[in-house]
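Chemist: Have a look at this one.
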Amino acid sequence: MKAQRAHFAEPLQLRSGAALSGYDLVYETYGCLNAAKSNAILVCHALSGHHHVAGHTADDPDNIGWWDNIIGPGRPLDTDKFFIVGVNNPGGCHGSTGPATVNPATGKPWGSDFPLMAVVDWVHAQARLADLLGIDAWAAVIGGSLGGMQALRWAITYPQRVRHALVIAAAPKLSAQNIGFNDVARQAILTDPDFHDGHYYDHGVTPWRGLRLARMLGHITYLSDHGMAAKFGRELRGGNVKFGYGVEFEIESYLRHQGDKFAGYFDANTYLLMTKALDYFDPARETNGNLAAALAVAKAKFLVVAFSTDWRFAPARSREIVDALLRNGQPVCYAESKASFGHDSFLMVDDYFHGVVRAYLANVSR
Amino acid sequence: MSTAFERPDFDVIASWVQPGERVLDLGCSDGSLLKRLIETRGVRGWGVEIEDAKVLAAIANGINVIQGDLEGGLTGFHNGAFEHVILSQTLQSMRHTEEIVSEMLRVGREAVVSFPNFGYWKHRMDILNGRMPVSDRLPYEWYDTPNIHLCTIADFDAFCAKRGITVKERKVFDEGREITEEHNFLGSLAVYRITRE
């Protein structure tokens, strides 16, 4: 596959009241759209994801898609049966219009002038991509974490255009604890001396220290205590403590490595924007906090999956979605995997989770 | 899919539901009963199942299955959300027997409970002969049985009476045939239709 680019000239009206004058979306497709255009699945990405969901490009065999383990020929999202679409959301930093791309009004990168986005704004942008591809209704919209929130939002905002919503490791809204973690991450970036009010591009620097800290913190919340203990325990790099502040424990080495790697390629403004989209997500806000009332308009059938070791969006959060659907008498399946990788479990090879998605989608393609 | 002979309670339950009604099957396994009720009776069905393999099978069967533990009650299920709540041959293996019955009658207008009758004559014979009963309906040895709350038909009647639960109907079977007299002696399987109304 090869990344494609589409330009949308019509302004995108945003939940904030602002508008995005025009924008590009970068996307990839896998498999074939059938004649009835009824076999399309949209894969929504989470905080750090993008359009490259599976496979690799000919020129870059090491650049494997972020959800390649579940998408491909014979895999649960079977590209022999389905036409899979991955898209980088606006505000992202993988090719679609975002804070690091050039603002046509100034000729300089948008930086912090880029409007903050809400999940519903992404869904509207994705709907325009669906129009462009000639897809009236998705066979399924699927996503994990923030991606799952987009699937949920799709089912509410475009009920006629989603036949199945697969909401994985998500929540109907963030808790105070979730928002608290996000704000610490944002503060790390916002207080970095190289942040320059979000216009760091003009200064030839990036607030990589802040972004690195944000990622390290985030990473802890993606893993489970048990999973971290099993993988790192209290293992020391050098065999003995050195009574200093260098890397001593394996977990320190791991987190610093993850932080460095991430800060090397991800855009800090996108990180800020994504965490805000998470914080703002609350579809029940339109129905006085009543999630069942918000979901009542949905026509989709739902598959909700949670992971028992996920404490970021614990199974109880997924059950809020399930219970709201049950209250309305809507069709829903709910599975809870015991995978040990915490929130990140949805990105891992987990036989049960993959089996559930495979079994569910087998009925979708039938 | 189980045959009518293996699960005569399936036929009875099918005769008790009406098209369009909402049915919740607790411990729904692979969703066979729900699938049958949906296909032959036109109900809207949901199931609860705890075991991964059975949840997977129910999803493959196209059933709305919610993975969860009945021992925790039916938290999350709304009062009166279902016309029928079914607990098929599971009551005897539950720890929180009273709680699940009361939860079923909270979320459902009516509950259907089936269980192996411990008062069945062959079981009584086994006891008289000094051994724990092992039969088609109770296929386990005493040391490996999941059945920790076995009861007789008379016991269950008393249980309902004491709690103000109305028995709307009771069907009793042995070897796939309905028993019309001496239920507690001749029946190996009991199917109750109970309500608080």
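Residue numbers start at 1 in each chain; chains themselves are named A, B, ... in the order of the structure tokens; ligands are numbered from 1 in the order shown.
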To test your reading of the structure, identify every residue in stretch 49-265 of chain A that backbone DSSP assigns to strand (DSSP E or B), and report it as a ChimeraX atom specification.

Modeler: /A:57,60,71-72,77-78,83-87,102-103,108-109,138,140-144,162,164-168,236,249

Chemist: Can you write just those residues out, N, CA, C and O atoms, as an mmCIF file, in the first residue's frame?

Modeler:
data_model
loop_
_atom_site.group_PDB
_atom_site.id
_atom_site.type_symbol
_atom_site.label_atom_id
_atom_site.label_comp_id
_atom_site.auth_asym_id
_atom_site.auth_seq_id
_atom_site.Cartn_x
_atom_site.Cartn_y
_atom_site.Cartn_z
ATOM 1 N N THR A 57 5.496 -0.403 3.383
ATOM 2 C CA THR A 57 5.678 0.086 2.019
ATOM 3 C C THR A 57 6.902 -0.583 1.404
ATOM 4 O O THR A 57 7.793 -1.049 2.127
ATOM 5 N N ASP A 60 10.173 0.842 2.445
ATOM 6 C CA ASP A 60 10.505 0.873 3.868
ATOM 7 C C ASP A 60 9.966 -0.376 4.578
ATOM 8 O O ASP A 60 8.973 -0.339 5.287
ATOM 9 N N ILE A 71 -4.666 -6.746 11.334
ATOM 10 C CA ILE A 71 -5.155 -6.370 9.997
ATOM 11 C C ILE A 71 -4.278 -7.018 8.927
ATOM 12 O O ILE A 71 -3.060 -6.856 8.944
ATOM 13 N N GLY A 72 -4.898 -7.714 8.008
ATOM 14 C CA GLY A 72 -4.133 -8.302 6.910
ATOM 15 C C GLY A 72 -4.852 -9.511 6.350
ATOM 16 O O GLY A 72 -5.905 -9.899 6.864
ATOM 17 N N LEU A 77 -9.165 -8.572 11.043
ATOM 18 C CA LEU A 77 -9.651 -7.606 10.060
ATOM 19 C C LEU A 77 -9.068 -8.048 8.726
ATOM 20 O O LEU A 77 -7.981 -7.618 8.329
ATOM 21 N N ASP A 78 -9.809 -8.941 8.085
ATOM 22 C CA ASP A 78 -9.288 -9.697 6.957
ATOM 23 C C ASP A 78 -9.350 -8.864 5.680
ATOM 24 O O ASP A 78 -10.428 -8.565 5.165
ATOM 25 N N PHE A 83 -12.471 -3.991 2.942
ATOM 26 C CA PHE A 83 -11.716 -2.853 2.436
ATOM 27 C C PHE A 83 -11.419 -1.975 3.656
ATOM 28 O O PHE A 83 -12.330 -1.398 4.251
ATOM 29 N N ILE A 84 -10.173 -1.952 4.052
ATOM 30 C CA ILE A 84 -9.793 -1.291 5.303
ATOM 31 C C ILE A 84 -9.227 0.098 4.996
ATOM 32 O O ILE A 84 -8.382 0.234 4.114
ATOM 33 N N VAL A 85 -9.688 1.071 5.751
ATOM 34 C CA VAL A 85 -9.216 2.442 5.572
ATOM 35 C C VAL A 85 -8.570 2.930 6.867
ATOM 36 O O VAL A 85 -9.188 2.862 7.938
ATOM 37 N N GLY A 86 -7.336 3.388 6.758
ATOM 38 C CA GLY A 86 -6.660 4.031 7.884
ATOM 39 C C GLY A 86 -6.427 5.489 7.510
ATOM 40 O O GLY A 86 -6.056 5.785 6.372
ATOM 41 N N VAL A 87 -6.677 6.392 8.443
ATOM 42 C CA VAL A 87 -6.534 7.821 8.129
ATOM 43 C C VAL A 87 -5.835 8.524 9.288
ATOM 44 O O VAL A 87 -6.037 8.174 10.453
ATOM 45 N N VAL A 102 2.051 23.837 7.198
ATOM 46 C CA VAL A 102 2.087 25.280 6.940
ATOM 47 C C VAL A 102 0.670 25.863 6.907
ATOM 48 O O VAL A 102 -0.214 25.353 6.222
ATOM 49 N N ASN A 103 0.511 26.929 7.668
ATOM 50 C CA ASN A 103 -0.742 27.683 7.669
ATOM 51 C C ASN A 103 -0.741 28.580 6.431
ATOM 52 O O ASN A 103 0.106 29.467 6.322
ATOM 53 N N LYS A 108 3.738 30.058 7.460
ATOM 54 C CA LYS A 108 4.572 29.425 8.486
ATOM 55 C C LYS A 108 3.786 28.288 9.140
ATOM 56 O O LYS A 108 2.555 28.242 9.037
ATOM 57 N N PRO A 109 4.479 27.394 9.861
ATOM 58 C CA PRO A 109 3.728 26.321 10.526
ATOM 59 C C PRO A 109 2.643 26.892 11.462
ATOM 60 O O PRO A 109 2.860 27.928 12.094
ATOM 61 N N TRP A 138 -20.187 2.497 6.593
ATOM 62 C CA TRP A 138 -19.099 1.575 6.937
ATOM 63 C C TRP A 138 -19.710 0.255 7.409
ATOM 64 O O TRP A 138 -20.680 0.272 8.181
ATOM 65 N N ALA A 140 -18.037 -1.473 9.344
ATOM 66 C CA ALA A 140 -17.640 -1.328 10.743
ATOM 67 C C ALA A 140 -16.696 -0.149 10.901
ATOM 68 O O ALA A 140 -15.938 0.176 9.980
ATOM 69 N N VAL A 141 -16.787 0.473 12.057
ATOM 70 C CA VAL A 141 -15.783 1.449 12.472
ATOM 71 C C VAL A 141 -15.151 0.872 13.732
ATOM 72 O O VAL A 141 -15.871 0.464 14.658
ATOM 73 N N ILE A 142 -13.840 0.793 13.743
ATOM 74 C CA ILE A 142 -13.148 0.166 14.879
ATOM 75 C C ILE A 142 -12.014 1.066 15.356
ATOM 76 O O ILE A 142 -11.369 1.752 14.547
ATOM 77 N N GLY A 143 -11.797 1.056 16.669
ATOM 78 C CA GLY A 143 -10.654 1.768 17.210
ATOM 79 C C GLY A 143 -10.424 1.362 18.652
ATOM 80 O O GLY A 143 -11.345 0.895 19.330
ATOM 81 N N GLY A 144 -9.194 1.539 19.110
ATOM 82 C CA GLY A 144 -8.845 1.289 20.501
ATOM 83 C C GLY A 144 -8.586 2.604 21.197
ATOM 84 O O GLY A 144 -8.095 3.561 20.578
ATOM 85 N N VAL A 162 -23.001 3.707 9.971
ATOM 86 C CA VAL A 162 -22.188 2.719 10.705
ATOM 87 C C VAL A 162 -23.042 1.496 11.000
ATOM 88 O O VAL A 162 -24.039 1.600 11.710
ATOM 89 N N HIS A 164 -21.641 -1.451 12.248
ATOM 90 C CA HIS A 164 -21.073 -2.055 13.459
ATOM 91 C C HIS A 164 -20.019 -1.109 14.037
ATOM 92 O O HIS A 164 -19.183 -0.599 13.298
ATOM 93 N N ALA A 165 -20.078 -0.926 15.345
ATOM 94 C CA ALA A 165 -19.072 -0.113 16.028
ATOM 95 C C ALA A 165 -18.291 -1.016 16.970
ATOM 96 O O ALA A 165 -18.883 -1.671 17.838
ATOM 97 N N LEU A 166 -16.979 -1.082 16.763
ATOM 98 C CA LEU A 166 -16.130 -1.917 17.618
ATOM 99 C C LEU A 166 -15.306 -0.987 18.506
ATOM 100 O O LEU A 166 -14.386 -0.306 18.039
ATOM 101 N N VAL A 167 -15.685 -0.956 19.760
ATOM 102 C CA VAL A 167 -15.141 0.017 20.709
ATOM 103 C C VAL A 167 -14.217 -0.741 21.667
ATOM 104 O O VAL A 167 -14.671 -1.505 22.520
ATOM 105 N N ILE A 168 -12.914 -0.549 21.498
ATOM 106 C CA ILE A 168 -11.927 -1.372 22.199
ATOM 107 C C ILE A 168 -11.184 -0.526 23.242
ATOM 108 O O ILE A 168 -10.677 0.553 22.914
ATOM 109 N N LEU A 236 18.309 -4.410 37.706
ATOM 110 C CA LEU A 236 19.249 -3.303 37.566
ATOM 111 C C LEU A 236 20.065 -3.487 36.298
ATOM 112 O O LEU A 236 20.385 -4.608 35.904
ATOM 113 N N PHE A 249 17.672 1.262 37.234
ATOM 114 C CA PHE A 249 16.683 0.196 37.080
ATOM 115 C C PHE A 249 16.313 0.021 35.611
ATOM 116 O O PHE A 249 16.295 0.992 34.849
#

Chemist: Quick one: which residues from chain A are at most 7 Å off chain B, using only C-alpha atoms, as a compact mmCIF listing (two decimals) with N, CA, C and O atoms, in the first residue's frame?

Modeler:
# COMPACT_ATOMS: atom_id res chain seq x y z
N ASP A 323 -23.76 -0.99 29.48
CA ASP A 323 -24.98 -0.85 30.28
C ASP A 323 -25.94 0.16 29.65
O ASP A 323 -27.16 -0.03 29.67
N ARG A 327 -29.60 -0.75 28.39
CA ARG A 327 -30.74 0.01 28.88
C ARG A 327 -31.70 0.36 27.73
O ARG A 327 -32.91 0.39 27.91
N PRO A 331 -28.35 -3.86 20.39
CA PRO A 331 -27.50 -5.05 20.26
C PRO A 331 -26.06 -4.75 20.65
O PRO A 331 -25.47 -3.79 20.15
N VAL A 332 -25.54 -5.56 21.53
CA VAL A 332 -24.15 -5.36 21.98
C VAL A 332 -23.55 -6.68 22.46
O VAL A 332 -24.22 -7.47 23.11
N CYS A 333 -22.29 -6.87 22.11
CA CYS A 333 -21.49 -7.95 22.69
C CYS A 333 -20.40 -7.28 23.52
O CYS A 333 -19.87 -6.23 23.14
N TYR A 334 -20.09 -7.92 24.64
CA TYR A 334 -19.01 -7.39 25.48
C TYR A 334 -18.08 -8.52 25.87
O TYR A 334 -18.53 -9.55 26.38
N ALA A 335 -16.80 -8.33 25.63
CA ALA A 335 -15.81 -9.32 26.02
C ALA A 335 -14.73 -8.66 26.86
O ALA A 335 -14.37 -7.51 26.61
N GLU A 336 -14.26 -9.39 27.86
CA GLU A 336 -13.23 -8.86 28.73
C GLU A 336 -12.04 -9.80 28.70
O GLU A 336 -12.12 -10.93 29.17
N VAL A 356 -12.13 -12.86 19.40
CA VAL A 356 -13.43 -12.18 19.55
C VAL A 356 -13.69 -11.29 18.33
O VAL A 356 -14.78 -11.32 17.75
N ALA A 359 -14.35 -13.50 15.27
CA ALA A 359 -15.68 -14.14 15.30
C ALA A 359 -16.77 -13.11 15.01
O ALA A 359 -17.72 -13.37 14.28
N TYR A 360 -16.60 -11.92 15.58
CA TYR A 360 -17.61 -10.88 15.38
C TYR A 360 -17.66 -10.45 13.92
O TYR A 360 -18.72 -10.37 13.31
N ASN A 363 -19.34 -12.59 11.14
CA ASN A 363 -20.77 -12.40 10.94
C ASN A 363 -21.07 -11.11 10.19
O ASN A 363 -22.11 -11.01 9.53

Chemist: With a distance cut-off of 8 Å and only C-alpha atoms, select the neighbouring residues of A:Arg15, excluding the residue or stretch itself and same-chain residues fewer than 2 positions from it, and output the selection as a VMD selection string.

Modeler: chain A and resid 13 17 to 18 117 to 118 120 to 121

Chemist: Looking at only C-alpha atoms, which of A:Ser253, A:Ser365, A:Ser345, A:Ser16 is the one that sits closest to A:Asp80?

Modeler: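 Of A:Ser253, A:Ser365, A:Ser345, A:Ser16, the one nearest A:Asp80 is A:Ser365, counting only C-alpha atoms.
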
Chemist: Any chance you could list, as a PyMOL selection string, the residues in stretch 96-183 of chain B that come up alpha helix (DSSP H) when DSSP is run on the backbone?

Modeler: chain B and resi 97-107+121-128+153-162+183

Chemist: Between atom CA of A:Leu47 and atom CA of A:Gly227, what is the distance in Å, rounded to a tenth?

Modeler: 21.3 Å

Chemist: Tell me which protein, DNA and RNA residues are within 10 Å of A:Lys37, counting only C-alpha atoms, leaving out same-chain ones fewer than 2 positions away, and put them as a VMD selection string.

Modeler: chain A and resid 32 to 35 39 to 40 82 to 83 133 to 139

Chemist: What is the atom CA of A:Gln4-atom CA of A:Thr275 distance in Å, reported with one decimal?

Modeler: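 Separating atom CA of A:Gln4 from atom CA of A:Thr275 is a distance of 26.2 Å.
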
Chemist: Env of stretch 152-169 of chain B: 7 Å cut, atoms = only C-alpha atoms, seq-sep filter 4 positions within chain, self excluded. Answer as an mmCIF file with N, CA and C atoms, in the first residue's frame.

Modeler:
data_model
loop_
_atom_site.group_PDB
_atom_site.id
_atom_site.type_symbol
_atom_site.label_atom_id
_atom_site.label_comp_id
_atom_site.auth_asym_id
_atom_site.auth_seq_id
_atom_site.Cartn_x
_atom_site.Cartn_y
_atom_site.Cartn_z
ATOM 1 N N ASN B 117 -33.648 -32.005 39.719
ATOM 2 C CA ASN B 117 -34.379 -32.269 40.963
ATOM 3 C C ASN B 117 -33.646 -33.309 41.803
ATOM 4 N N PHE B 118 -33.177 -32.857 42.967
ATOM 5 C CA PHE B 118 -32.422 -33.792 43.827
ATOM 6 C C PHE B 118 -33.361 -34.831 44.460
ATOM 7 N N GLY B 119 -34.682 -34.514 44.423
ATOM 8 C CA GLY B 119 -35.655 -35.442 45.013
ATOM 9 C C GLY B 119 -36.065 -36.583 44.086
ATOM 10 N N ASN B 184 -42.008 -34.371 42.459
ATOM 11 C CA ASN B 184 -40.778 -34.390 43.248
ATOM 12 C C ASN B 184 -40.154 -35.776 43.326
ATOM 13 N N TYR B 192 -39.214 -23.783 36.209
ATOM 14 C CA TYR B 192 -40.146 -22.905 36.901
ATOM 15 C C TYR B 192 -40.285 -21.574 36.172
ATOM 16 N N ARG B 193 -41.491 -21.059 36.247
ATOM 17 C CA ARG B 193 -41.767 -19.716 35.746
ATOM 18 C C ARG B 193 -42.216 -18.932 36.964
ATOM 19 N N ILE B 194 -41.374 -18.005 37.418
ATOM 20 C CA ILE B 194 -41.662 -17.306 38.678
ATOM 21 C C ILE B 194 -41.697 -15.791 38.473
ATOM 22 N N THR B 195 -42.411 -15.132 39.385
ATOM 23 C CA THR B 195 -42.538 -13.678 39.282
ATOM 24 C C THR B 195 -42.815 -13.082 40.660
ATOM 25 N N ARG B 196 -42.628 -11.783 40.769
ATOM 26 C CA ARG B 196 -42.992 -11.108 42.020
ATOM 27 C C ARG B 196 -44.370 -10.484 41.905
#

Chemist: I'd like the neighbourhood of A:Asn88 as a PyMOL selection string, where a residue qualifies if any of its atoms comes within 7 Å (using only C-alpha atoms), though same-chain residues fewer than 6 positions away should be ignored.

Modeler: chain A and resi 25-27+50-51+94+96

Chemist: Would you save the residues of that selection, restricted to N, CA and C atoms, as a PDB file, in the first residue's frame?

Modeler:
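Writing done, so here's selection05.pdb:
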ATOM      1  N   LEU A  25      -6.026  15.258   4.202  1.00  0.00           N
ATOM      2  CA  LEU A  25      -6.004  14.024   4.996  1.00  0.00           C
ATOM      3  C   LEU A  25      -5.116  13.025   4.275  1.00  0.00           C
ATOM      4  N   VAL A  26      -4.242  12.393   5.050  1.00  0.00           N
ATOM      5  CA  VAL A  26      -3.420  11.321   4.502  1.00  0.00           C
ATOM      6  C   VAL A  26      -4.041  10.008   4.943  1.00  0.00           C
ATOM      7  N   TYR A  27      -4.201   9.092   4.011  1.00  0.00           N
ATOM      8  CA  TYR A  27      -4.865   7.828   4.344  1.00  0.00           C
ATOM      9  C   TYR A  27      -4.252   6.677   3.558  1.00  0.00           C
ATOM     10  N   HIS A  50      -1.758   6.676  13.469  1.00  0.00           N
ATOM     11  CA  HIS A  50      -1.833   7.376  12.181  1.00  0.00           C
ATOM     12  C   HIS A  50      -2.505   6.475  11.156  1.00  0.00           C
ATOM     13  N   HIS A  51      -2.346   6.864   9.880  1.00  0.00           N
ATOM     14  CA  HIS A  51      -3.017   6.171   8.779  1.00  0.00           C
ATOM     15  C   HIS A  51      -2.378   4.840   8.435  1.00  0.00           C
ATOM     16  N   HIS A  94       1.367  13.140  11.005  1.00  0.00           N
ATOM     17  CA  HIS A  94       1.881  12.126  10.077  1.00  0.00           C
ATOM     18  C   HIS A  94       1.448  12.407   8.647  1.00  0.00           C
ATOM     19  N   SER A  96      -1.313  14.528   7.587  1.00  0.00           N
ATOM     20  CA  SER A  96      -2.537  15.322   7.491  1.00  0.00           C
ATOM     21  C   SER A  96      -2.280  16.713   8.052  1.00  0.00           C
TER      22      SER A  96
END

Chemist: Set the distance at 9 Å and use only C-alpha atoms: which residues neighbour B:Ser188 once local chain neighbours fewer than 2 positions away are removed? I'd like the list as a PyMOL selection string.

Modeler: chain B and resi 115-123+136-137+172-175+183-186+190

Chemist: Keeping only N, CA, C and O atoms, take the residues you just selected and write them out as a PDB file, in the first residue's frame.

Modeler:
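Result file is out_24.pdb:
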ATOM      1  N   PHE B 115     -33.618 -26.584  37.024  1.00  0.00           N
ATOM      2  CA  PHE B 115     -32.557 -27.222  37.820  1.00  0.00           C
ATOM      3  C   PHE B 115     -32.817 -28.728  37.914  1.00  0.00           C
ATOM      4  O   PHE B 115     -33.959 -29.175  37.769  1.00  0.00           O
ATOM      5  N   PRO B 116     -31.765 -29.488  38.158  1.00  0.00           N
ATOM      6  CA  PRO B 116     -31.956 -30.934  38.356  1.00  0.00           C
ATOM      7  C   PRO B 116     -32.622 -31.167  39.716  1.00  0.00           C
ATOM      8  O   PRO B 116     -32.200 -30.579  40.707  1.00  0.00           O
ATOM      9  N   ASN B 117     -33.648 -32.005  39.719  1.00  0.00           N
ATOM     10  CA  ASN B 117     -34.379 -32.269  40.963  1.00  0.00           C
ATOM     11  C   ASN B 117     -33.646 -33.309  41.803  1.00  0.00           C
ATOM     12  O   ASN B 117     -33.542 -34.480  41.404  1.00  0.00           O
ATOM     13  N   PHE B 118     -33.177 -32.857  42.967  1.00  0.00           N
ATOM     14  CA  PHE B 118     -32.422 -33.792  43.827  1.00  0.00           C
ATOM     15  C   PHE B 118     -33.361 -34.831  44.460  1.00  0.00           C
ATOM     16  O   PHE B 118     -32.912 -35.882  44.908  1.00  0.00           O
ATOM     17  N   GLY B 119     -34.682 -34.514  44.423  1.00  0.00           N
ATOM     18  CA  GLY B 119     -35.655 -35.442  45.013  1.00  0.00           C
ATOM     19  C   GLY B 119     -36.065 -36.583  44.086  1.00  0.00           C
ATOM     20  O   GLY B 119     -36.876 -37.431  44.461  1.00  0.00           O
ATOM     21  N   TYR B 120     -35.519 -36.573  42.872  1.00  0.00           N
ATOM     22  CA  TYR B 120     -35.789 -37.620  41.877  1.00  0.00           C
ATOM     23  C   TYR B 120     -35.571 -39.002  42.505  1.00  0.00           C
ATOM     24  O   TYR B 120     -34.588 -39.197  43.234  1.00  0.00           O
ATOM     25  N   TRP B 121     -36.452 -39.952  42.182  1.00  0.00           N
ATOM     26  CA  TRP B 121     -36.414 -41.253  42.889  1.00  0.00           C
ATOM     27  C   TRP B 121     -35.081 -41.979  42.786  1.00  0.00           C
ATOM     28  O   TRP B 121     -34.620 -42.618  43.731  1.00  0.00           O
ATOM     29  N   LYS B 122     -34.430 -41.843  41.608  1.00  0.00           N
ATOM     30  CA  LYS B 122     -33.133 -42.545  41.480  1.00  0.00           C
ATOM     31  C   LYS B 122     -32.083 -41.937  42.430  1.00  0.00           C
ATOM     32  O   LYS B 122     -31.229 -42.652  42.951  1.00  0.00           O
ATOM     33  N   HIS B 123     -32.182 -40.624  42.621  1.00  0.00           N
ATOM     34  CA  HIS B 123     -31.253 -39.983  43.563  1.00  0.00           C
ATOM     35  C   HIS B 123     -31.532 -40.456  44.977  1.00  0.00           C
ATOM     36  O   HIS B 123     -30.614 -40.708  45.767  1.00  0.00           O
ATOM     37  N   ASP B 136     -27.731 -38.878  34.760  1.00  0.00           N
ATOM     38  CA  ASP B 136     -27.617 -38.058  33.547  1.00  0.00           C
ATOM     39  C   ASP B 136     -27.670 -36.575  33.892  1.00  0.00           C
ATOM     40  O   ASP B 136     -26.973 -35.761  33.308  1.00  0.00           O
ATOM     41  N   ARG B 137     -28.564 -36.244  34.817  1.00  0.00           N
ATOM     42  CA  ARG B 137     -28.746 -34.838  35.194  1.00  0.00           C
ATOM     43  C   ARG B 137     -27.681 -34.366  36.182  1.00  0.00           C
ATOM     44  O   ARG B 137     -27.390 -33.180  36.272  1.00  0.00           O
ATOM     45  N   VAL B 172     -42.186 -30.407  34.721  1.00  0.00           N
ATOM     46  CA  VAL B 172     -41.201 -31.347  35.234  1.00  0.00           C
ATOM     47  C   VAL B 172     -41.000 -32.461  34.206  1.00  0.00           C
ATOM     48  O   VAL B 172     -41.963 -32.903  33.566  1.00  0.00           O
ATOM     49  N   PHE B 173     -39.758 -32.877  34.071  1.00  0.00           N
ATOM     50  CA  PHE B 173     -39.424 -33.854  33.027  1.00  0.00           C
ATOM     51  C   PHE B 173     -38.568 -34.978  33.571  1.00  0.00           C
ATOM     52  O   PHE B 173     -37.866 -34.832  34.572  1.00  0.00           O
ATOM     53  N   ASP B 174     -38.649 -36.100  32.862  1.00  0.00           N
ATOM     54  CA  ASP B 174     -37.677 -37.170  33.069  1.00  0.00           C
ATOM     55  C   ASP B 174     -37.420 -37.823  31.719  1.00  0.00           C
ATOM     56  O   ASP B 174     -38.367 -38.162  30.997  1.00  0.00           O
ATOM     57  N   GLU B 175     -36.194 -37.984  31.376  1.00  0.00           N
ATOM     58  CA  GLU B 175     -35.782 -38.588  30.106  1.00  0.00           C
ATOM     59  C   GLU B 175     -36.532 -37.968  28.931  1.00  0.00           C
ATOM     60  O   GLU B 175     -36.999 -38.672  28.032  1.00  0.00           O
ATOM     61  N   HIS B 183     -44.373 -35.010  40.957  1.00  0.00           N
ATOM     62  CA  HIS B 183     -43.231 -34.273  40.384  1.00  0.00           C
ATOM     63  C   HIS B 183     -41.930 -34.483  41.136  1.00  0.00           C
ATOM     64  O   HIS B 183     -40.882 -34.722  40.542  1.00  0.00           O
ATOM     65  N   ASN B 184     -42.008 -34.371  42.459  1.00  0.00           N
ATOM     66  CA  ASN B 184     -40.778 -34.390  43.248  1.00  0.00           C
ATOM     67  C   ASN B 184     -40.154 -35.776  43.326  1.00  0.00           C
ATOM     68  O   ASN B 184     -39.003 -35.925  43.709  1.00  0.00           O
ATOM     69  N   PHE B 185     -40.923 -36.775  42.940  1.00  0.00           N
ATOM     70  CA  PHE B 185     -40.418 -38.148  43.003  1.00  0.00           C
ATOM     71  C   PHE B 185     -40.013 -38.655  41.621  1.00  0.00           C
ATOM     72  O   PHE B 185     -38.969 -39.284  41.454  1.00  0.00           O
ATOM     73  N   LEU B 186     -40.818 -38.293  40.618  1.00  0.00           N
ATOM     74  CA  LEU B 186     -40.608 -38.866  39.290  1.00  0.00           C
ATOM     75  C   LEU B 186     -39.827 -37.952  38.334  1.00  0.00           C
ATOM     76  O   LEU B 186     -39.350 -38.412  37.297  1.00  0.00           O
ATOM     77  N   ALA B 190     -36.631 -29.848  36.635  1.00  0.00           N
ATOM     78  CA  ALA B 190     -37.758 -28.950  36.903  1.00  0.00           C
ATOM     79  C   ALA B 190     -37.527 -27.621  36.198  1.00  0.00           C
ATOM     80  O   ALA B 190     -36.399 -27.115  36.163  1.00  0.00           O
TER      81      ALA B 190
END
